[in-house]
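Engineer: Structure below; questions to follow.
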Amino acid sequence: MSSRATLATSARVLSQLRRDSRTVALLLLVPCALVTLLKYLFVDQPLVFDRIGGPLLGLFPFIAMFLVTSITMLRERTTGTLERLMTMPLAKLDLLLGYGLAFALVAAAQATLVSVLAFGLLDLHATGPKALVVALAVANAVLGMALGLFLSAFARTEFQAVQFMPAVVFPQLLLCGLFVARQDMAQGLEVAARFLPLTYAYDALDRVTRRDVIDAGLAVDVGVVAFSAMVALGLGAATLRRRTP
Amino acid sequence: MTGPAIAVEDLRVVRGGRLALDDVSLTVHAGRVVGLLGPSGSGKSTLIRALVGVQIVESGTVLVLGRPAGSPELRRRVGYMTQAPSVYADLTVRENLRYFGRLLGVPEGRVDEMIATVALNAEADRVVARLSGGQQARASLAAALIGHPDVAVLDEPTVGLDPVLRRDLWRKFRALAAEGTTLLVSSHVMEEAAHCDELLLLREGKLLATGPVAEILARTGAPDLAEAFVRLIGEPA
């Protein structure tokens with residue numbers, strides 16, 4: 001492992017992203033548009049907007065980075081660049097950390113922008129520190145990236161990769177408690193939710209934005225998110241094979 | 001190190017359920033330019049992938065510079081050009097080379113040197129996706145050679161290039177060999193054989209013949225290599 005290779009990879013990924021200005025614009029503006037939409041959807045129910053909007057700020061980067069990473073990594077696999085890299089002095093961890101660093105930066109920019117808009121202009125209320133929302137968003141982005149990386153190994157085409165989003169991300173969004181409180185779900189679902197990493201990401205955000213409880217529970221939630229991201233990264237690393245059939 | 005640059009013994013590879021390489025054995029000495037010739041589908045790319053250590057092999061040994069192919073110590077010393085241009089299509093030629101150069105720890109100045117070597121000066125700051133196929137292949141070749149490899153394994157580097165450029169690249173390969181680099185260059189164009197010290201003729205996963213062009217011609221009594229190829233296929237095993 002070398003920090004030079006990691007940083008070179010981050011710089012390369014960011015240059016690739018920079019060349020694609022439309023993707024950058026979409027990454028930054030779509031969350032803003034959606035939060036604005038939510039604001040006016042619940043214009044007469046500001047408490048609902050607060051309850052959903054706050055956690056959603058920290059969940060956008062998860063969704064976006066999941067998609068971006070699964071497509072980018074699929075491209076590395078299909079265009080032969082991954083094969084070339086595997087013959088070069090680059091540890092798998094360098095590649096993964098390089099991606100992680102680049103996308104964490106993008107996630108920070110995304111979360112900061114949408115937070116400034118939501119808290120500043122759209123009158124979203126959060127009880128806890130707003131910077132913590134951005135920090136959680138970055139952690140969630142790394143989780144999304146790690147999952148996307150892992151699942152990209154199971155897609156042969158970009159069409160398939162895109163379908164992993166409704167298959168893997170939607171159920172977690174539905175079950176995490178954002179739309180329906182988990183105790184109101186069928187018991188089986190409530191139990192299932194406990195095994196999904198996004199549930200803990202949501203809980204952490206909910207604690208910060210609505211309950212202002214920065215306690216051991218928050219640490220546990222963040223710990224589960226971090227642990228899940230590490231497991232997914234480990235699984236992702238296992239799918240990066242130097243030798244292929 | 002005085003041993004051969006490449007030593008392959010009894011290599012068998014199964015790809016997609018069929019035998020892609022069938023008991024291939026060969027030796028390449030350092031500083032040689034070796035042409036790997038054969039029709040498409042003959043197993044050239046599979047052999048090349050085995051040499052750079054990205055191919056899962058069924059059995060046999062593949063040693064490069066005395067070490068098993070794909071060993072970590074070889075990753076700085078072996079340059080690999082894949083058949084499809086494996087450079088980032090959404091980056092410029094310069095950005096691509098800068099990245100691969102950084103991974104190998106070569107000085108920044110090497111990027112410009114390689115751009116000049118593959119004659120992409122005018123295209124250096126253009127995004128690879130907008131270049132012609134031949135230009136993309138040259139960008140990929142530059143990435144393979146940027147780290148001053150001791151062994152360069154190049155899968156069809158001259159495909160689709162105009163004759164002048166092709167001649168220039170072969171001169172460059174010769175110059176590299178004179179400096180001690182070992183080059184294994186695949187092609188499905190028999191005429192390319194003229195530039196090589198030695199040939200490896202591959203067909204349906206088996207080596208038909210190995211050795212200098214003149215020797216293969218003399219042995220088969222054929223006027224040219226295409227005819228030699230035909231006669232070799234006709235030879236009883």
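Within each chain, counting starts at residue 1; across the structure tokens, chains are named A, B, ... in the order shown, with ligands numbered 1 upward in that order.
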Considering only C-alpha atoms, extract the chain A residues located within 9 Å of chain B and return them as a ChimeraX atom specification.
Structural biologist: /A:4-6,8-9,11-12,15-17,19-20,76,79-90,241-245
Engineer: How about saving the chosen residues, N, CA and C atoms kept, as a PDB file, in the first residue's frame?
Structural biologist:
ATOM      1  N   ARG A   4       1.046   7.401  -2.159  1.00  0.00           N
ATOM      2  CA  ARG A   4       1.204   8.014  -3.476  1.00  0.00           C
ATOM      3  C   ARG A   4       0.195   7.430  -4.468  1.00  0.00           C
ATOM      4  N   ALA A   5       0.073   6.097  -4.459  1.00  0.00           N
ATOM      5  CA  ALA A   5      -0.859   5.456  -5.377  1.00  0.00           C
ATOM      6  C   ALA A   5      -2.305   5.811  -5.021  1.00  0.00           C
ATOM      7  N   THR A   6      -2.593   5.898  -3.715  1.00  0.00           N
ATOM      8  CA  THR A   6      -3.945   6.257  -3.292  1.00  0.00           C
ATOM      9  C   THR A   6      -4.297   7.664  -3.762  1.00  0.00           C
ATOM     10  N   ALA A   8      -2.840   9.442  -6.112  1.00  0.00           N
ATOM     11  CA  ALA A   8      -2.873   9.516  -7.576  1.00  0.00           C
ATOM     12  C   ALA A   8      -4.219   9.016  -8.087  1.00  0.00           C
ATOM     13  N   THR A   9      -4.732   7.960  -7.448  1.00  0.00           N
ATOM     14  CA  THR A   9      -6.028   7.410  -7.876  1.00  0.00           C
ATOM     15  C   THR A   9      -7.159   8.384  -7.578  1.00  0.00           C
ATOM     16  N   ALA A  11      -6.940  11.616  -7.387  1.00  0.00           N
ATOM     17  CA  ALA A  11      -6.818  12.730  -8.330  1.00  0.00           C
ATOM     18  C   ALA A  11      -7.357  12.310  -9.694  1.00  0.00           C
ATOM     19  N   ARG A  12      -7.070  11.077 -10.074  1.00  0.00           N
ATOM     20  CA  ARG A  12      -7.543  10.593 -11.376  1.00  0.00           C
ATOM     21  C   ARG A  12      -9.064  10.507 -11.397  1.00  0.00           C
ATOM     22  N   SER A  15     -10.516  13.940 -11.646  1.00  0.00           N
ATOM     23  CA  SER A  15     -10.370  14.503 -12.998  1.00  0.00           C
ATOM     24  C   SER A  15     -11.423  13.922 -13.928  1.00  0.00           C
ATOM     25  N   GLN A  16     -11.674  12.622 -13.791  1.00  0.00           N
ATOM     26  CA  GLN A  16     -12.684  11.993 -14.640  1.00  0.00           C
ATOM     27  C   GLN A  16     -14.044  12.636 -14.400  1.00  0.00           C
ATOM     28  N   LEU A  17     -14.329  12.864 -13.119  1.00  0.00           N
ATOM     29  CA  LEU A  17     -15.616  13.452 -12.760  1.00  0.00           C
ATOM     30  C   LEU A  17     -15.709  14.888 -13.281  1.00  0.00           C
ATOM     31  N   ARG A  19     -14.388  16.159 -15.864  1.00  0.00           N
ATOM     32  CA  ARG A  19     -14.622  16.187 -17.309  1.00  0.00           C
ATOM     33  C   ARG A  19     -16.095  16.025 -17.640  1.00  0.00           C
ATOM     34  N   ASP A  20     -16.816  15.413 -16.690  1.00  0.00           N
ATOM     35  CA  ASP A  20     -18.224  15.130 -16.936  1.00  0.00           C
ATOM     36  C   ASP A  20     -19.048  16.147 -16.160  1.00  0.00           C
ATOM     37  N   GLU A  76     -14.343   0.269 -15.154  1.00  0.00           N
ATOM     38  CA  GLU A  76     -12.944  -0.160 -14.966  1.00  0.00           C
ATOM     39  C   GLU A  76     -12.807  -1.636 -15.331  1.00  0.00           C
ATOM     40  N   THR A  79     -13.552  -2.034 -19.458  1.00  0.00           N
ATOM     41  CA  THR A  79     -12.698  -1.413 -20.467  1.00  0.00           C
ATOM     42  C   THR A  79     -11.254  -1.901 -20.404  1.00  0.00           C
ATOM     43  N   GLY A  80     -10.935  -2.735 -19.436  1.00  0.00           N
ATOM     44  CA  GLY A  80      -9.579  -3.267 -19.378  1.00  0.00           C
ATOM     45  C   GLY A  80      -8.641  -2.432 -18.520  1.00  0.00           C
ATOM     46  N   THR A  81      -9.093  -1.278 -18.043  1.00  0.00           N
ATOM     47  CA  THR A  81      -8.199  -0.484 -17.199  1.00  0.00           C
ATOM     48  C   THR A  81      -7.918  -1.196 -15.878  1.00  0.00           C
ATOM     49  N   LEU A  82      -8.928  -1.915 -15.367  1.00  0.00           N
ATOM     50  CA  LEU A  82      -8.693  -2.650 -14.117  1.00  0.00           C
ATOM     51  C   LEU A  82      -7.641  -3.732 -14.341  1.00  0.00           C
ATOM     52  N   GLU A  83      -7.736  -4.404 -15.503  1.00  0.00           N
ATOM     53  CA  GLU A  83      -6.756  -5.444 -15.810  1.00  0.00           C
ATOM     54  C   GLU A  83      -5.349  -4.846 -15.879  1.00  0.00           C
ATOM     55  N   ARG A  84      -5.247  -3.682 -16.506  1.00  0.00           N
ATOM     56  CA  ARG A  84      -3.938  -3.032 -16.558  1.00  0.00           C
ATOM     57  C   ARG A  84      -3.454  -2.690 -15.144  1.00  0.00           C
ATOM     58  N   LEU A  85      -4.355  -2.107 -14.339  1.00  0.00           N
ATOM     59  CA  LEU A  85      -3.965  -1.722 -12.974  1.00  0.00           C
ATOM     60  C   LEU A  85      -3.505  -2.932 -12.172  1.00  0.00           C
ATOM     61  N   MET A  86      -4.151  -4.072 -12.410  1.00  0.00           N
ATOM     62  CA  MET A  86      -3.812  -5.281 -11.655  1.00  0.00           C
ATOM     63  C   MET A  86      -2.416  -5.806 -12.007  1.00  0.00           C
ATOM     64  N   THR A  87      -1.843  -5.330 -13.132  1.00  0.00           N
ATOM     65  CA  THR A  87      -0.470  -5.727 -13.460  1.00  0.00           C
ATOM     66  C   THR A  87       0.521  -4.680 -12.983  1.00  0.00           C
ATOM     67  N   MET A  88       0.020  -3.640 -12.330  1.00  0.00           N
ATOM     68  CA  MET A  88       0.881  -2.528 -11.926  1.00  0.00           C
ATOM     69  C   MET A  88       1.070  -2.508 -10.410  1.00  0.00           C
ATOM     70  N   PRO A  89       2.078  -1.762  -9.949  1.00  0.00           N
ATOM     71  CA  PRO A  89       2.292  -1.700  -8.494  1.00  0.00           C
ATOM     72  C   PRO A  89       1.235  -0.854  -7.798  1.00  0.00           C
ATOM     73  N   LEU A  90       0.067  -1.408  -7.650  1.00  0.00           N
ATOM     74  CA  LEU A  90      -1.041  -0.711  -6.997  1.00  0.00           C
ATOM     75  C   LEU A  90      -1.771  -1.754  -6.160  1.00  0.00           C
ATOM     76  N   ARG A 241     -10.133  -9.182  -8.615  1.00  0.00           N
ATOM     77  CA  ARG A 241      -9.199 -10.291  -8.756  1.00  0.00           C
ATOM     78  C   ARG A 241      -8.071  -9.893  -9.672  1.00  0.00           C
ATOM     79  N   ARG A 242      -6.855 -10.220  -9.257  1.00  0.00           N
ATOM     80  CA  ARG A 242      -5.738  -9.993 -10.174  1.00  0.00           C
ATOM     81  C   ARG A 242      -5.808 -10.989 -11.329  1.00  0.00           C
ATOM     82  N   ARG A 243      -6.200 -12.208 -11.000  1.00  0.00           N
ATOM     83  CA  ARG A 243      -6.328 -13.217 -12.058  1.00  0.00           C
ATOM     84  C   ARG A 243      -7.791 -13.489 -12.352  1.00  0.00           C
ATOM     85  N   THR A 244      -8.137 -13.529 -13.615  1.00  0.00           N
ATOM     86  CA  THR A 244      -9.501 -13.807 -14.009  1.00  0.00           C
ATOM     87  C   THR A 244      -9.519 -14.939 -15.031  1.00  0.00           C
ATOM     88  N   PRO A 245     -10.664 -15.590 -15.206  1.00  0.00           N
ATOM     89  CA  PRO A 245     -10.721 -16.718 -16.149  1.00  0.00           C
ATOM     90  C   PRO A 245     -10.434 -16.252 -17.593  1.00  0.00           C
TER      91      PRO A 245
END
Engineer: If we count only C-alpha atoms, what is near range 46-60 of chain A at a cut-off of 10 Å, once residues fewer than 5 positions away on the same chain are taken out, given as a short mmCIF file (atom, residue, chain, number, x, y, z; two decimals) with N, CA and C atoms, in the first residue's frame?
Structural biologist:
data_model
loop_
_atom_site.label_atom_id
_atom_site.label_comp_id
_atom_site.auth_asym_id
_atom_site.auth_seq_id
_atom_site.Cartn_x
_atom_site.Cartn_y
_atom_site.Cartn_z
N LEU A 27 -25.22 15.73 -9.67
CA LEU A 27 -24.90 15.31 -8.30
C LEU A 27 -25.19 16.42 -7.31
N VAL A 30 -29.52 17.89 -8.10
CA VAL A 30 -30.71 17.05 -7.90
C VAL A 30 -31.13 16.98 -6.43
N PRO A 31 -30.20 16.77 -5.49
CA PRO A 31 -30.64 16.76 -4.08
C PRO A 31 -31.29 18.09 -3.69
N CYS A 32 -30.75 19.18 -4.19
CA CYS A 32 -31.32 20.50 -3.87
C CYS A 32 -32.75 20.60 -4.40
N LEU A 34 -34.78 18.15 -5.04
CA LEU A 34 -35.67 17.23 -4.32
C LEU A 34 -36.05 17.76 -2.95
N VAL A 35 -35.09 18.37 -2.27
CA VAL A 35 -35.41 18.93 -0.94
C VAL A 35 -36.39 20.08 -1.09
N THR A 36 -36.19 20.87 -2.15
CA THR A 36 -37.12 21.97 -2.41
C THR A 36 -38.52 21.42 -2.68
N LEU A 38 -39.74 18.64 -1.61
CA LEU A 38 -40.26 18.13 -0.35
C LEU A 38 -40.81 19.27 0.51
N LYS A 39 -40.07 20.37 0.49
CA LYS A 39 -40.49 21.53 1.28
C LYS A 39 -41.91 21.94 0.90
N TYR A 40 -42.18 22.02 -0.43
CA TYR A 40 -43.49 22.52 -0.85
C TYR A 40 -44.55 21.43 -0.85
N LEU A 41 -44.09 20.19 -0.87
CA LEU A 41 -45.02 19.07 -0.71
C LEU A 41 -45.65 19.12 0.68
N MET A 65 -23.62 8.06 -4.37
CA MET A 65 -22.31 7.43 -4.46
C MET A 65 -22.42 5.93 -4.76
N PHE A 66 -23.53 5.34 -4.31
CA PHE A 66 -23.77 3.94 -4.67
C PHE A 66 -23.82 3.80 -6.19
N ALA A 107 -19.07 13.85 -1.85
CA ALA A 107 -20.20 13.74 -0.93
C ALA A 107 -20.24 14.93 0.03
N GLN A 110 -21.61 17.80 -1.88
CA GLN A 110 -23.04 17.61 -2.10
C GLN A 110 -23.83 17.89 -0.83
N ALA A 111 -23.38 17.30 0.29
CA ALA A 111 -24.11 17.44 1.55
C ALA A 111 -24.06 18.88 2.05
N THR A 112 -22.92 19.54 1.85
CA THR A 112 -22.80 20.92 2.31
C THR A 112 -23.77 21.82 1.55
N LEU A 113 -23.78 21.65 0.24
CA LEU A 113 -24.64 22.50 -0.59
C LEU A 113 -26.11 22.32 -0.24
N VAL A 114 -26.55 21.06 -0.15
CA VAL A 114 -27.97 20.83 0.12
C VAL A 114 -28.32 21.25 1.55
N SER A 115 -27.35 21.14 2.47
CA SER A 115 -27.62 21.57 3.85
C SER A 115 -27.75 23.08 3.94
N ALA A 118 -31.14 23.87 2.56
CA ALA A 118 -32.27 23.42 3.38
C ALA A 118 -32.35 24.21 4.68
N PHE A 119 -31.21 24.36 5.35
CA PHE A 119 -31.24 25.07 6.64
C PHE A 119 -31.35 26.57 6.44
N LEU A 122 -34.73 27.06 3.10
CA LEU A 122 -36.00 26.33 3.12
C LEU A 122 -36.54 26.16 4.54
N ASP A 123 -35.83 26.76 5.49
CA ASP A 123 -36.35 26.80 6.85
C ASP A 123 -36.49 25.41 7.47
N LEU A 124 -35.58 24.54 7.11
CA LEU A 124 -35.56 23.21 7.74
C LEU A 124 -34.96 23.36 9.13
N HIS A 125 -35.57 22.68 10.09
CA HIS A 125 -35.05 22.76 11.45
C HIS A 125 -34.35 21.48 11.84
N ALA A 126 -33.18 21.67 12.42
CA ALA A 126 -32.49 20.52 13.00
C ALA A 126 -32.10 20.93 14.41
N THR A 127 -32.30 20.02 15.32
CA THR A 127 -32.02 20.37 16.71
C THR A 127 -30.54 20.27 17.03
N LYS A 130 -25.46 21.23 12.79
CA LYS A 130 -25.65 20.99 11.35
C LYS A 130 -24.40 20.38 10.72
N LEU A 132 -22.64 18.19 11.93
CA LEU A 132 -22.68 16.75 12.16
C LEU A 132 -23.51 16.04 11.09
N VAL A 133 -24.53 16.76 10.58
CA VAL A 133 -25.33 16.19 9.50
C VAL A 133 -24.44 15.95 8.28
N VAL A 134 -23.59 16.94 7.98
CA VAL A 134 -22.69 16.81 6.83
C VAL A 134 -21.69 15.67 7.07
N ALA A 135 -21.19 15.58 8.30
CA ALA A 135 -20.22 14.52 8.61
C ALA A 135 -20.87 13.14 8.45
N LEU A 136 -22.12 13.01 8.92
CA LEU A 136 -22.81 11.73 8.77
C LEU A 136 -23.06 11.44 7.30
N ALA A 137 -23.36 12.51 6.52
CA ALA A 137 -23.59 12.32 5.09
C ALA A 137 -22.35 11.74 4.43
N VAL A 138 -21.17 12.21 4.83
CA VAL A 138 -19.93 11.70 4.24
C VAL A 138 -19.74 10.23 4.61
N ALA A 139 -20.04 9.90 5.87
CA ALA A 139 -19.92 8.50 6.29
C ALA A 139 -20.87 7.62 5.47
N ASN A 140 -22.09 8.13 5.25
CA ASN A 140 -23.05 7.35 4.48
C ASN A 140 -22.61 7.21 3.02
N ALA A 141 -21.95 8.27 2.50
CA ALA A 141 -21.46 8.21 1.13
C ALA A 141 -20.43 7.09 1.00
N GLY A 144 -22.25 3.90 0.86
CA GLY A 144 -22.87 3.72 -0.46
C GLY A 144 -21.82 3.32 -1.49
N LEU A 173 -34.21 2.01 2.05
CA LEU A 173 -34.83 3.32 2.29
C LEU A 173 -36.23 3.16 2.88
N GLY A 177 -37.05 3.52 8.36
CA GLY A 177 -37.80 4.31 9.33
C GLY A 177 -38.08 5.72 8.85
N LEU A 178 -37.56 6.05 7.68
CA LEU A 178 -37.73 7.40 7.15
C LEU A 178 -39.20 7.67 6.82
N PHE A 179 -39.86 6.73 6.19
CA PHE A 179 -41.24 6.96 5.74
C PHE A 179 -42.26 6.46 6.76
N LEU A 198 -28.53 0.81 6.35
CA LEU A 198 -29.11 2.15 6.20
C LEU A 198 -30.00 2.51 7.40
N ALA A 201 -27.79 4.29 9.64
CA ALA A 201 -27.48 5.60 9.08
C ALA A 201 -28.64 6.55 9.34
N TYR A 202 -29.86 6.04 9.14
CA TYR A 202 -31.05 6.87 9.38
C TYR A 202 -31.16 7.23 10.86
N ASP A 203 -30.99 6.26 11.72
CA ASP A 203 -31.12 6.51 13.16
C ASP A 203 -30.14 7.58 13.62
N ALA A 204 -28.91 7.49 13.12
CA ALA A 204 -27.91 8.49 13.51
C ALA A 204 -28.36 9.88 13.09
N LEU A 205 -28.86 9.97 11.85
CA LEU A 205 -29.31 11.27 11.36
C LEU A 205 -30.52 11.76 12.14
N ASP A 206 -31.42 10.84 12.45
CA ASP A 206 -32.63 11.19 13.19
C ASP A 206 -32.27 11.71 14.58
N ARG A 207 -31.30 11.06 15.20
CA ARG A 207 -30.85 11.51 16.53
C ARG A 207 -30.33 12.94 16.46
N VAL A 208 -29.56 13.23 15.41
CA VAL A 208 -28.93 14.55 15.33
C VAL A 208 -29.92 15.62 14.90
N THR A 209 -30.77 15.29 13.91
CA THR A 209 -31.62 16.35 13.37
C THR A 209 -32.88 16.59 14.17
N ARG A 210 -33.36 15.59 14.87
CA ARG A 210 -34.67 15.76 15.49
C ARG A 210 -34.63 15.64 17.01
#
Engineer: Any idea what's packed within 7 Å of Val8 in chain B, counting only C-alpha atoms, ignoring anything in its chain fewer than 4 positions away? Could you give it as an mmCIF file with N, CA and C atoms, in the first residue's frame?
Structural biologist:
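Dumped everything to selection.cif:
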data_model
loop_
_atom_site.group_PDB
_atom_site.id
_atom_site.type_symbol
_atom_site.label_atom_id
_atom_site.label_comp_id
_atom_site.auth_asym_id
_atom_site.auth_seq_id
_atom_site.Cartn_x
_atom_site.Cartn_y
_atom_site.Cartn_z
ATOM 1 N N SER B 25 4.976 -24.416 -24.548
ATOM 2 C CA SER B 25 6.274 -24.198 -23.894
ATOM 3 C C SER B 25 7.094 -23.276 -24.788
ATOM 4 N N LEU B 26 7.758 -22.317 -24.177
ATOM 5 C CA LEU B 26 8.586 -21.422 -24.978
ATOM 6 C C LEU B 26 9.587 -20.707 -24.088
ATOM 7 N N THR B 27 10.640 -20.214 -24.726
ATOM 8 C CA THR B 27 11.671 -19.459 -24.018
ATOM 9 C C THR B 27 11.983 -18.206 -24.827
ATOM 10 N N THR B 61 3.941 -23.821 -15.875
ATOM 11 C CA THR B 61 4.607 -22.717 -15.194
ATOM 12 C C THR B 61 4.902 -21.597 -16.177
ATOM 13 N N VAL B 62 4.797 -20.381 -15.667
ATOM 14 C CA VAL B 62 5.117 -19.191 -16.459
ATOM 15 C C VAL B 62 6.069 -18.362 -15.625
ATOM 16 N N LEU B 63 7.330 -18.278 -16.053
ATOM 17 C CA LEU B 63 8.310 -17.473 -15.339
ATOM 18 C C LEU B 63 8.686 -16.266 -16.191
#
Engineer: Measuring atom to atom with only C-alpha atoms, identify which of A:Ala102, A:Ala108, A:Ile71, A:Gln187 is nearest to Leu28 in chain A.
Structural biologist: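 Among A:Ala102, A:Ala108, A:Ile71, A:Gln187, it is A:Ala108 that comes nearest to Leu28 in chain A.
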Engineer: Here is a test: counting only C-alpha atoms, which residue of B:Arg203, B:Arg126, B:His188, B:Arg67 is nearest to Val230 in chain B?
Structural biologist: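 Checking each of B:Arg203, B:Arg126, B:His188, B:Arg67 against Val230 in chain B, counting only C-alpha atoms, the winner is B:Arg203.
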Engineer: Excluding same-chain residues fewer than 5 positions from Pro4 in chain B, what lies within 9 Å of it counting only C-alpha atoms, as a PyMOL selection string?
Structural biologist: chain B and resi 27-30+63-66
Engineer: Keeping N, CA and C atoms, export the residues of the selection given above as a short mmCIF file (atom, residue, chain, number, x, y, z; two decimals), in the first residue's frame.
Structural biologist:
data_model
loop_
_atom_site.label_atom_id
_atom_site.label_comp_id
_atom_site.auth_asym_id
_atom_site.auth_seq_id
_atom_site.Cartn_x
_atom_site.Cartn_y
_atom_site.Cartn_z
N THR B 27 10.64 -20.21 -24.73
CA THR B 27 11.67 -19.46 -24.02
C THR B 27 11.98 -18.21 -24.83
N VAL B 28 12.08 -17.09 -24.14
CA VAL B 28 12.45 -15.84 -24.80
C VAL B 28 13.65 -15.27 -24.07
N HIS B 29 14.73 -14.97 -24.80
CA HIS B 29 15.91 -14.42 -24.16
C HIS B 29 15.84 -12.90 -24.09
N ALA B 30 16.53 -12.36 -23.09
CA ALA B 30 16.48 -10.92 -22.84
C ALA B 30 16.98 -10.14 -24.04
N LEU B 63 7.33 -18.28 -16.05
CA LEU B 63 8.31 -17.47 -15.34
C LEU B 63 8.69 -16.27 -16.19
N VAL B 64 8.67 -15.10 -15.56
CA VAL B 64 9.10 -13.87 -16.22
C VAL B 64 10.23 -13.31 -15.37
N LEU B 65 11.38 -13.07 -15.99
CA LEU B 65 12.56 -12.58 -15.26
C LEU B 65 12.85 -13.48 -14.06
N GLY B 66 12.59 -14.76 -14.23
CA GLY B 66 12.91 -15.74 -13.20
C GLY B 66 11.88 -15.87 -12.09
#
Engineer: Can you tell me, as JSON, numbers by chain, which residues in range 16-209 of chain B count as alpha helix (DSSP H) by DSSP?
Structural biologist: {"B": [44, 45, 46, 47, 48, 49, 50, 51, 93, 94, 95, 96, 97, 98, 99, 100, 101, 102, 103, 104, 109, 110, 111, 112, 113, 114, 115, 116, 117, 133, 134, 135, 136, 137, 138, 139, 140, 141, 142, 143, 144, 145, 163, 164, 165, 166, 167, 168, 169, 170, 171, 172, 173, 174, 175, 176, 177, 178]}
Engineer: Need to verify the contact set: Leu232 in chain B, 12 Å, only C-alpha atoms, exclusion of same-chain residues closer than 2 positions in sequence. Can you return it as a VMD selection string?
Structural biologist: chain B and resid 201 to 203 206 to 210 216 to 217 219 to 222 225 to 230 234 to 237
Engineer: What's the separation between CA of Pro157 in chain B and CA of Ser187 in chain B, in Å to one decimal place?
Structural biologist: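 Separating CA of Pro157 in chain B from CA of Ser187 in chain B is a distance of 7.8 Å.
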Engineer: Pick out the closest residue to Leu218 in chain A from this set: A:Pro166, A:Phe195, A:Gly128, A:Leu14. Count only C-alpha atoms.
Structural biologist: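 Selected residue with least distance to Leu218 in chain A: A:Gly128.
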Engineer: I want to know what sits within 9 Å of Gly41 in chain B, based on only C-alpha atoms, with residues of the same chain fewer than 5 positions away left out; could you give that as a list in words?
Structural biologist: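 Answer for this query is Ala20, Arg203, Glu204 and Gly205 of chain B.
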Engineer: Suppose you want the space between CA of Leu19 in chain B and CA of Leu36 in chain B; what is it in Å?
Structural biologist: 18.5 Å
Engineer: Excluding range 191-200 of chain B and residues on its chain fewer than 5 positions from it, collect all residues at most 6 Å away from it, counting only C-alpha atoms, and give them as a list in words.
Structural biologist: Val33, Val34, Gly35, Leu36, Thr210, Gly211 and Pro212 of chain B
Engineer: So how far away is CA of Gly38 in chain B from CA of Arg12 in chain B, in Å?
Structural biologist: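 Pair CA of Arg12 in chain B / CA of Gly38 in chain B returns 17.4 Å.
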